[in-house]
>>> print(open('target-v8.cif').read())   # mmCIF, C-alpha atoms
data_entry
loop_
_atom_site.label_atom_id
_atom_site.label_comp_id
_atom_site.auth_asym_id
_atom_site.auth_seq_id
_atom_site.Cartn_x
_atom_site.Cartn_y
_atom_site.Cartn_z
CA MET A 1 -2.12 -6.63 4.52
CA SER A 2 -1.89 -10.37 5.18
CA THR A 3 -3.80 -13.57 4.52
CA PRO A 4 -2.83 -17.20 5.23
CA THR A 5 -1.17 -17.33 1.80
CA GLY A 6 0.89 -14.16 1.77
CA MET A 7 1.58 -10.56 2.69
CA TRP A 8 1.07 -7.46 0.57
CA THR A 9 2.93 -4.23 1.36
CA VAL A 10 0.97 -1.22 0.12
CA PRO A 11 2.98 2.01 -0.26
CA PRO A 12 1.46 5.51 -0.05
CA ASP A 13 -1.09 6.37 -2.73
CA ARG A 14 -1.41 2.72 -3.72
CA ALA A 15 -4.28 0.34 -3.01
CA VAL A 16 -5.04 -3.32 -2.54
CA TRP A 17 -8.06 -5.08 -4.04
CA ILE A 18 -9.40 -7.80 -1.75
CA PRO A 19 -11.85 -10.21 -3.41
CA ALA A 20 -15.04 -10.94 -1.49
CA GLY A 21 -14.77 -13.75 1.03
CA VAL A 22 -10.98 -13.54 1.51
CA ALA A 23 -10.15 -13.44 5.23
CA HIS A 24 -7.45 -10.84 5.85
CA ALA A 25 -5.83 -8.58 8.41
CA HIS A 26 -4.13 -5.25 7.97
CA ARG A 27 -1.72 -3.13 9.98
CA ALA A 28 -0.44 0.38 9.36
CA TYR A 29 3.05 1.72 10.07
CA GLY A 30 3.71 5.43 10.46
CA PRO A 31 1.11 8.20 9.94
CA THR A 32 -1.66 6.67 7.83
CA ASP A 33 -4.94 7.79 6.30
CA MET A 34 -6.56 4.58 5.07
CA ARG A 35 -9.76 4.62 3.03
CA ALA A 36 -11.86 1.64 1.97
CA ILE A 37 -14.74 1.26 -0.45
CA MET A 38 -16.77 -1.90 -0.92
CA PHE A 39 -18.73 -3.35 -3.81
CA ASP A 40 -21.34 -6.07 -4.11
CA ARG A 41 -19.94 -9.60 -4.20
CA PRO A 42 -20.41 -10.26 -7.96
CA LEU A 43 -18.20 -7.30 -8.92
CA ASN A 44 -14.55 -8.10 -9.62
CA PRO A 45 -13.12 -5.58 -12.10
CA LEU A 46 -9.63 -7.10 -11.95
CA GLY A 47 -10.79 -10.67 -12.47
CA VAL A 48 -8.49 -11.96 -9.70
CA ASP A 49 -9.06 -14.52 -6.94
CA GLN A 50 -6.50 -13.22 -4.44
CA PRO A 51 -5.57 -9.82 -3.02
CA THR A 52 -3.70 -7.64 -5.51
CA ALA A 53 -1.75 -4.42 -4.95
CA LEU A 54 -2.64 -1.66 -7.41
CA ALA A 55 -1.39 1.60 -8.78
CA VAL A 56 -3.90 4.41 -8.21
CA SER A 57 -4.54 6.96 -10.92
CA PRO A 58 -5.19 10.59 -9.90
CA LEU A 59 -8.83 10.22 -10.95
CA LEU A 60 -9.31 6.99 -8.97
CA ARG A 61 -7.72 8.61 -5.93
CA GLU A 62 -10.12 11.54 -6.04
CA VAL A 63 -13.12 9.25 -6.51
CA ILE A 64 -12.09 7.16 -3.48
CA VAL A 65 -11.66 10.34 -1.44
CA SER A 66 -15.08 11.58 -2.57
CA LEU A 67 -16.74 8.27 -1.63
CA THR A 68 -15.15 8.24 1.83
CA ASP A 69 -15.08 11.92 2.89
CA GLY A 70 -18.26 11.64 4.95
CA GLU A 71 -20.21 14.07 2.79
CA GLU A 72 -23.87 13.24 2.29
CA ARG A 73 -24.60 12.18 -1.29
CA THR A 74 -27.69 11.00 -3.09
CA ASP A 75 -27.92 7.40 -4.26
CA ASP A 76 -27.50 8.56 -7.86
CA GLU A 77 -24.36 10.53 -6.98
CA ARG A 78 -22.82 7.53 -5.22
CA ASP A 79 -23.79 5.21 -8.07
CA ASN A 80 -22.10 7.52 -10.57
CA LEU A 81 -18.91 7.76 -8.51
CA GLU A 82 -18.83 3.97 -8.02
CA ARG A 83 -19.18 3.43 -11.77
CA VAL A 84 -16.18 5.68 -12.34
CA ALA A 85 -14.21 3.79 -9.67
CA LEU A 86 -15.00 0.44 -11.29
CA ASP A 87 -14.05 1.76 -14.71
CA GLN A 88 -10.72 3.01 -13.34
CA LEU A 89 -10.09 -0.28 -11.54
CA ARG A 90 -10.43 -2.15 -14.83
CA ARG A 91 -7.56 -0.02 -16.19
CA VAL A 92 -5.09 -0.07 -13.29
CA ALA A 93 -1.66 -1.67 -13.31
CA THR A 94 -0.98 -4.35 -10.71
CA LEU A 95 2.15 -4.09 -8.53
CA ARG A 96 4.72 -6.71 -7.53
CA LEU A 97 4.19 -6.22 -3.81
CA ARG A 98 3.26 -9.72 -2.61
CA LEU A 99 5.39 -11.91 -0.38
CA PRO A 100 3.92 -15.43 -0.69
CA TYR A 101 3.76 -17.66 2.37
CA PRO A 102 4.66 -21.35 1.91
CA ALA A 103 2.29 -24.03 3.18
CA ASP A 104 4.75 -26.74 4.29
CA PRO A 105 5.16 -26.65 8.11
CA ARG A 106 8.95 -26.69 7.85
CA LEU A 107 8.93 -23.79 5.43
CA ARG A 108 6.47 -21.96 7.68
CA ASP A 109 8.88 -22.38 10.62
CA LEU A 110 11.76 -21.15 8.47
CA ALA A 111 9.72 -18.19 7.27
CA GLU A 112 8.85 -17.25 10.85
CA ILE A 113 12.55 -17.26 11.76
CA LEU A 114 13.33 -14.77 9.00
CA LEU A 115 10.20 -12.68 9.54
CA ASP A 116 11.26 -12.29 13.17
CA ASP A 117 14.83 -11.40 12.17
CA PRO A 118 15.45 -10.39 8.53
CA THR A 119 19.14 -9.87 9.36
CA ASP A 120 19.61 -13.62 9.94
CA ARG A 121 22.36 -14.58 7.47
CA ARG A 122 22.25 -18.36 7.87
CA THR A 123 22.31 -20.41 4.70
CA LEU A 124 19.39 -22.57 3.65
CA GLY A 125 21.28 -25.61 4.93
CA GLU A 126 21.86 -23.99 8.33
CA LEU A 127 18.24 -22.91 8.57
CA GLY A 128 17.21 -26.40 7.49
CA ARG A 129 18.94 -27.90 10.50
CA ALA A 130 16.84 -25.61 12.69
CA VAL A 131 13.56 -26.76 11.12
CA GLY A 132 14.41 -30.41 10.46
CA ALA A 133 14.85 -30.59 6.69
CA GLY A 134 17.69 -30.67 4.18
CA ALA A 135 18.65 -27.77 1.93
CA ARG A 136 17.73 -29.65 -1.26
CA THR A 137 14.25 -30.49 0.03
CA LEU A 138 13.64 -26.95 1.23
CA SER A 139 14.89 -25.45 -2.04
CA ARG A 140 12.52 -27.64 -4.06
CA LEU A 141 9.57 -26.83 -1.78
CA PHE A 142 10.25 -23.09 -1.97
CA ARG A 143 10.02 -23.18 -5.76
CA GLU A 144 6.89 -25.34 -5.70
CA GLN A 145 5.01 -23.36 -3.05
CA THR A 146 6.10 -19.75 -3.63
CA GLY A 147 7.06 -19.79 -7.31
CA MET A 148 10.53 -18.48 -6.54
CA SER A 149 13.90 -19.61 -5.23
CA PHE A 150 14.79 -19.25 -1.57
CA PRO A 151 17.32 -16.42 -2.21
CA HIS A 152 14.69 -14.54 -4.22
CA TRP A 153 12.08 -15.06 -1.49
CA ARG A 154 14.46 -13.89 1.25
CA THR A 155 15.31 -10.78 -0.79
CA GLN A 156 11.62 -9.96 -1.10
CA LEU A 157 11.10 -10.49 2.62
CA ARG A 158 13.91 -8.07 3.42
CA LEU A 159 12.58 -5.45 1.00
CA HIS A 160 9.05 -5.71 2.40
CA HIS A 161 10.54 -5.27 5.88
CA SER A 162 12.45 -2.21 4.67
CA LEU A 163 9.22 -0.51 3.55
CA ARG A 164 7.86 -0.84 7.06
CA LEU A 165 10.99 0.73 8.56
CA ILE A 166 10.94 3.61 6.08
CA ALA A 167 7.27 4.19 6.92
CA GLU A 168 8.29 4.46 10.57
CA GLY A 169 10.82 7.18 9.69
CA GLU A 170 14.09 5.23 9.77
CA SER A 171 16.99 6.45 7.62
CA VAL A 172 18.18 4.53 4.57
CA THR A 173 21.38 3.54 6.39
CA THR A 174 19.52 2.24 9.43
CA THR A 175 16.94 0.49 7.26
CA ALA A 176 19.64 -1.23 5.20
CA ALA A 177 21.34 -2.66 8.30
CA ALA A 178 18.05 -3.68 9.96
CA SER A 179 16.92 -5.41 6.74
CA GLY A 180 20.00 -7.61 6.47
CA TYR A 181 22.06 -5.71 3.89
CA SER A 182 25.82 -5.25 4.14
CA GLY A 183 25.52 -1.54 3.44
CA PRO A 184 23.35 1.21 1.94
CA SER A 185 24.65 0.68 -1.60
CA ALA A 186 23.60 -2.98 -1.73
CA PHE A 187 20.23 -2.07 -0.25
CA ILE A 188 19.59 0.79 -2.70
CA GLN A 189 20.49 -1.45 -5.65
CA ALA A 190 18.13 -4.23 -4.52
CA PHE A 191 15.35 -1.74 -3.71
CA ARG A 192 15.56 -0.10 -7.13
CA ALA A 193 15.69 -3.45 -8.94
CA TYR A 194 12.51 -4.63 -7.23
CA PHE A 195 10.39 -1.49 -6.81
CA GLY A 196 11.68 0.56 -9.76
CA ILE A 197 12.58 3.57 -7.58
CA THR A 198 15.29 4.29 -5.01
CA PRO A 199 14.60 4.39 -1.26
CA GLY A 200 15.15 8.16 -1.42
CA GLU A 201 12.48 8.55 -4.10
CA TYR A 202 10.16 6.37 -2.07
CA CYS A 203 10.74 8.55 1.02
CA ARG A 204 9.90 11.65 -1.02
CA SER A 205 6.68 10.01 -2.17
CA ARG A 206 5.66 9.66 1.47
CA ARG A 207 6.27 13.38 1.95
CA GLY A 208 4.16 14.27 -1.08
CA GLY A 209 6.87 14.30 -3.73
CA ASP A 210 6.49 13.02 -7.27
CA PRO A 211 8.74 9.98 -7.79
CA SER A 212 8.46 7.48 -10.59
CA PRO A 213 5.84 4.82 -9.81
CA PRO A 214 6.92 1.45 -8.38
CA ARG A 215 7.54 -1.33 -10.87
CA THR A 216 4.31 -2.82 -12.16
CA ASP A 217 3.10 -5.98 -13.78
CA ARG A 218 1.00 -5.74 -16.92
CA PRO A 219 -2.42 -4.16 -16.37
CA ARG A 220 -5.09 -6.75 -15.78
CA SER A 221 -8.62 -6.60 -17.05
CA GLY A 222 -11.68 -8.70 -16.36
CA SER A 223 -15.37 -8.75 -15.80
CA PRO A 224 -16.87 -6.40 -13.32
CA ALA A 225 -16.36 -8.29 -4.66
CA GLY A 226 -13.88 -6.64 -3.19
CA GLU A 227 -12.42 -3.73 -1.25
CA PRO A 228 -9.69 -1.53 -2.75
#
>>> encode(input="target-v8.cif", output="structure tokens")
Amino acid sequence: MSTPTGMWTVPPDRAVWIPAGVAHAHRAYGPTDMRAIMFDRPLNPLGVDQPTALAVSPLLREVIVSLTDGEERTDDERDNLERVALDQLRRVATLRLRLPYPADPRLRDLAEILLDDPTDRRTLGELGRAVGAGARTLSRLFREQTGMSFPHWRTQLRLHHSLRLIAEGESVTTTAAASGYSGPSAFIQAFRAYFGITPGEYCRSRRGGDPSPPRTDRPRSGSPAGEP
């Protein structure tokens, strides 16, 4: 799911809360059953102003399924289910699944280069010559506009790209090479450090296994528009 300010990769059995009024686009990779529920604009159980990836509890999952299964329900039944969904959303953990987009035109051009080819191994200085800026300037702007260093940002880009390839059925070895890693071991180490599970565990989760959940931020809470 993408907006002008970033991209969120949403693994199986996870969700993304999109505050009301946030223009966005989404695209699915691999077999997907996507469900969406909407709430009135004033409701914002996470208290956030930008899209946020979420863990989904078993109860919240079943409520979302019940609200989107096409079965006819009375207004009272829907109201009750929506109240449960909102209560669960106030308790969820948020996930580190956002790749921020920089605003500076030179950084945008650099980001497009790497989004088009995550295997590009050029240094920041070499990429800077392609976009018309020095490495020091670009490094400073990356920290100011994304909140992270360029190496950290490029690592996240590669890992987000790897999730898409895994969703399309690629092997860990193929995914590692196509995501810019020197080999499967380096890829597995980076994947586990960022997501909290190995690529193998993530693949099993797509097949209905029971891996450990991806790494989370602290649960957020807030006052009760959006679309999980």
>>> resolve_selection(input="target-v8.cif", expression="the PyMOL selection byres ((chain A and resi 169-184) around 12)", output="mmCIF file with C-alpha atoms, keeping the file's coordinate frame")
data_model
loop_
_atom_site.group_PDB
_atom_site.id
_atom_site.type_symbol
_atom_site.label_atom_id
_atom_site.label_comp_id
_atom_site.auth_asym_id
_atom_site.auth_seq_id
_atom_site.Cartn_x
_atom_site.Cartn_y
_atom_site.Cartn_z
ATOM 1 C CA TYR A 29 3.050 1.720 10.070
ATOM 2 C CA GLY A 30 3.710 5.430 10.460
ATOM 3 C CA PRO A 31 1.110 8.200 9.940
ATOM 4 C CA LEU A 114 13.330 -14.770 9.000
ATOM 5 C CA LEU A 115 10.200 -12.680 9.540
ATOM 6 C CA ASP A 116 11.260 -12.290 13.170
ATOM 7 C CA ASP A 117 14.830 -11.400 12.170
ATOM 8 C CA PRO A 118 15.450 -10.390 8.530
ATOM 9 C CA THR A 119 19.140 -9.870 9.360
ATOM 10 C CA ASP A 120 19.610 -13.620 9.940
ATOM 11 C CA ARG A 121 22.360 -14.580 7.470
ATOM 12 C CA ARG A 122 22.250 -18.360 7.870
ATOM 13 C CA ARG A 154 14.460 -13.890 1.250
ATOM 14 C CA THR A 155 15.310 -10.780 -0.790
ATOM 15 C CA GLN A 156 11.620 -9.960 -1.100
ATOM 16 C CA LEU A 157 11.100 -10.490 2.620
ATOM 17 C CA ARG A 158 13.910 -8.070 3.420
ATOM 18 C CA LEU A 159 12.580 -5.450 1.000
ATOM 19 C CA HIS A 160 9.050 -5.710 2.400
ATOM 20 C CA HIS A 161 10.540 -5.270 5.880
ATOM 21 C CA SER A 162 12.450 -2.210 4.670
ATOM 22 C CA LEU A 163 9.220 -0.510 3.550
ATOM 23 C CA ARG A 164 7.860 -0.840 7.060
ATOM 24 C CA LEU A 165 10.990 0.730 8.560
ATOM 25 C CA ILE A 166 10.940 3.610 6.080
ATOM 26 C CA ALA A 167 7.270 4.190 6.920
ATOM 27 C CA GLU A 168 8.290 4.460 10.570
ATOM 28 C CA SER A 185 24.650 0.680 -1.600
ATOM 29 C CA ALA A 186 23.600 -2.980 -1.730
ATOM 30 C CA PHE A 187 20.230 -2.070 -0.250
ATOM 31 C CA ILE A 188 19.590 0.790 -2.700
ATOM 32 C CA GLN A 189 20.490 -1.450 -5.650
ATOM 33 C CA ALA A 190 18.130 -4.230 -4.520
ATOM 34 C CA PHE A 191 15.350 -1.740 -3.710
ATOM 35 C CA THR A 198 15.290 4.290 -5.010
ATOM 36 C CA PRO A 199 14.600 4.390 -1.260
ATOM 37 C CA GLY A 200 15.150 8.160 -1.420
ATOM 38 C CA GLU A 201 12.480 8.550 -4.100
ATOM 39 C CA TYR A 202 10.160 6.370 -2.070
ATOM 40 C CA CYS A 203 10.740 8.550 1.020
ATOM 41 C CA ARG A 204 9.900 11.650 -1.020
ATOM 42 C CA ARG A 206 5.660 9.660 1.470
ATOM 43 C CA ARG A 207 6.270 13.380 1.950
#
>>> atom_distance(input="target-v8.cif", atom1="atom CA of A:Phe39", atom2="atom CA of A:Leu60")
14.9 Å
>>> residues_around(input="target-v8.cif", residues="A:Ser57", least_positions_apart="3", cutoff="12 Å", atoms="only C-alpha atoms", output="list in words")
Asp13, Arg14, Ala15, Leu54, Leu60, Arg61, Glu62, Val63, Ile64, Val84, Ala85, Asp87, Gln88, Leu89, Arg90, Arg91, Val92, Ala93, Thr94 and Pro213 of chain A
>>> closest_residue(input="target-v8.cif", among="A:Leu67, A:Ala193, A:Met1, A:Leu46", to="A:Arg98", atoms="only C-alpha atoms")
A:Met1
>>> atom_distance(input="target-v8.cif", atom1="atom CA of A:Asn80", atom2="atom CA of A:Leu43")
15.4 Å
>>> resolve_selection(input="target-v8.cif", expression="the PyMOL selection byres ((chain A and resi 68) around 12)", output="PyMOL selection string")
chain A and resi 33-38+61-67+69-73+78+81-82
>>> atom_distance(input="target-v8.cif", atom1="atom CA of A:Thr5", atom2="atom CA of A:Leu86")
26.0 Å
>>> resolve_selection(input="target-v8.cif", expression="the PyMOL selection byres ((chain A and resi 139) around 10)", output="NGL selection string")
:A and (107 or 124-125 or 128 or 134-138 or 140-144 or 148-151)
>>> closest_residue(input="target-v8.cif", among="A:Ser2, A:Gly196, A:Glu126, A:Val131", to="A:Glu112", atoms="all atoms listed in the file")
A:Val131
